[in-house]
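The structure under discussion appears below in the form of C-alpha cells.
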Amino acid sequence: MLAITAIIRAKKGHEAAMRQALLDVVEHVRANEPSTVGYYVSQDVDSPRIFSTYERYLDQAAMDRHNNSPAVARFFEVAKPILDGEVIVVLANEIASKEE
C-alpha cells in the first residue's frame with residue numbers, strides 16, 4: 001500500500017476556495033477511483049488556512065491514475081494562485097493500519 005500525506009497552506013482569505021477545491025477532488029475519487037483505498041482531507045482546527053490530505057493507494061498504478069486525473073489538474077489550477085508556500089508531500093510505504 002502506498003500512502004501520501006500532503007500539507008497545504010492557503011493564503012489568508014482563500015480558505016473556502018481551497019476547501020472546495022479539495023472537496024471536488026474527493027468527489028472525483030469517490031466516483032472514479034476504485035483503486036484509491038482511502039482519501040482523507042482535513043482542515044487544521046487552530047489555523048484554518050492549513051489543510052492536509054492522507055491518501056492510500058493499492059499500488060503505484062492507482063497513485064499515478066489519481067495524480068494524472070483531470071480532477072487533480074483542476075485542483076492545481078485553482079490552488080496554485082492561492083497557495084501560501086510549497087505543498088509538503090510525504091510519499092511512504094504503509095507499514096501498519098487500523099481499519100474500522
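Simple scheme: letters A, B, ... for chains in C-alpha cells order, numbers from 1 for residues in each chain, numbers from 1 for ligands in the order shown.
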
Residues near range 60-63 of chain A, cut-off 10 Å, only C-alpha atoms, skip fewer than 2 positions along chain, as number ranges by chain | A: 1-4, 33-37, 55-58, 65-69

Please produce an output containing C-alpha atoms for each residue in the selection, written as a JSON list (two decimals), in the first residue's frame.
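Listed below is the output, again07.json:
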```json
[["chain", "number", "residue", "atom", "x", "y", "z"],
["A", 1, "MET", "CA", 0.00, 0.00, 0.00],
["A", 2, "LEU", "CA", 1.33, 3.42, -0.94],
["A", 3, "ALA", "CA", 0.39, 6.45, 1.11],
["A", 4, "ILE", "CA", 0.76, 10.16, 0.51],
["A", 33, "GLU", "CA", -11.07, 5.67, -8.39],
["A", 34, "PRO", "CA", -11.79, 2.18, -7.03],
["A", 35, "SER", "CA", -8.05, 1.53, -6.55],
["A", 36, "THR", "CA", -7.74, 4.54, -4.26],
["A", 37, "VAL", "CA", -8.25, 2.76, -0.96],
["A", 55, "GLU", "CA", -4.20, 9.26, 0.53],
["A", 56, "ARG", "CA", -3.97, 5.46, 0.31],
["A", 57, "TYR", "CA", -3.38, 3.68, -2.99],
["A", 58, "LEU", "CA", -3.47, -0.01, -3.81],
["A", 65, "ARG", "CA", -4.00, 7.38, -12.25],
["A", 66, "HIS", "CA", -5.05, 9.71, -9.45],
["A", 67, "ASN", "CA", -2.17, 12.14, -9.85],
["A", 68, "ASN", "CA", -2.72, 12.33, -13.62],
["A", 69, "SER", "CA", -6.51, 12.68, -13.38]]
```

If you count only C-alpha atoms, which residues fall within 12 Å of Lys80 in chain A, apart from same-chain ones fewer than 6 positions away, as a ChimeraX atom specification?
-> /A:8-11,14,17-18,21,72-74,86-87

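Reported to one decimal place, the separation of CA of Val90 in chain A from CA of Ala31 in chain A is 25.0 Å.
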
Per DSSP on the backbone, filter chain A down to the residues in strand (DSSP E) and report them as an NGL selection string.
-> :A and (2-9 or 36-43 or 50-57 or 88-93)

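Minimum atom-to-atom distances from A:Ile50, A:Val89, A:Leu83, A:Val78 to Asp24 in chain A were compared using only C-alpha atoms, and the lowest value belongs to A:Val78.
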
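One finds CA of Phe75 in chain A at 28.3 Å from CA of Glu99 in chain A.
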
With only C-alpha atoms as the atoms that count, which of A:Asn32, A:Ser42, A:Ser52, A:Ser97 lies nearest to Ile7 in chain A?
->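 The closest residue to Ile7 in chain A is A:Ser52.
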
Surrounding residues of Tyr54 in chain A excluding itself and chain neighbours under 3 positions, 8 Å, only C-alpha atoms, as number ranges by chain | A: 3-6, 38-41

Output of the above residues as an mmCIF file, in the first residue's frame, restricted to N, CA, C and O atoms:
```cif
data_model
loop_
_atom_site.group_PDB
_atom_site.id
_atom_site.type_symbol
_atom_site.label_atom_id
_atom_site.label_comp_id
_atom_site.auth_asym_id
_atom_site.auth_seq_id
_atom_site.Cartn_x
_atom_site.Cartn_y
_atom_site.Cartn_z
ATOM 1 N N ALA A 3 1.114 5.380 0.423
ATOM 2 C CA ALA A 3 0.394 6.454 1.107
ATOM 3 C C ALA A 3 1.079 7.777 0.829
ATOM 4 O O ALA A 3 2.307 7.850 0.748
ATOM 5 N N ILE A 4 0.264 8.797 0.659
ATOM 6 C CA ILE A 4 0.764 10.163 0.511
ATOM 7 C C ILE A 4 0.114 11.012 1.586
ATOM 8 O O ILE A 4 -1.102 10.951 1.794
ATOM 9 N N THR A 5 0.933 11.798 2.261
ATOM 10 C CA THR A 5 0.436 12.836 3.153
ATOM 11 C C THR A 5 0.872 14.158 2.556
ATOM 12 O O THR A 5 2.033 14.315 2.180
ATOM 13 N N ALA A 6 -0.054 15.081 2.427
ATOM 14 C CA ALA A 6 0.263 16.403 1.892
ATOM 15 C C ALA A 6 -0.225 17.466 2.858
ATOM 16 O O ALA A 6 -1.324 17.359 3.398
ATOM 17 N N GLY A 38 -8.223 4.891 0.194
ATOM 18 C CA GLY A 38 -8.718 5.895 1.131
ATOM 19 C C GLY A 38 -8.233 7.267 0.721
ATOM 20 O O GLY A 38 -7.125 7.403 0.187
ATOM 21 N N TYR A 39 -9.055 8.275 0.938
ATOM 22 C CA TYR A 39 -8.671 9.636 0.583
ATOM 23 C C TYR A 39 -9.307 10.554 1.622
ATOM 24 O O TYR A 39 -10.524 10.717 1.663
ATOM 25 N N TYR A 40 -8.488 11.130 2.469
ATOM 26 C CA TYR A 40 -8.973 11.923 3.594
ATOM 27 C C TYR A 40 -8.458 13.348 3.483
ATOM 28 O O TYR A 40 -7.286 13.560 3.178
ATOM 29 N N VAL A 41 -9.323 14.303 3.729
ATOM 30 C CA VAL A 41 -8.949 15.713 3.721
ATOM 31 C C VAL A 41 -9.330 16.291 5.080
ATOM 32 O O VAL A 41 -10.438 16.072 5.578
#
```

Measure the distance from CA of Asp84 in chain A to CA of Val25 in chain A in Å and round it to one decimal.
->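 Computing it gives 19.6 Å between the two atoms.
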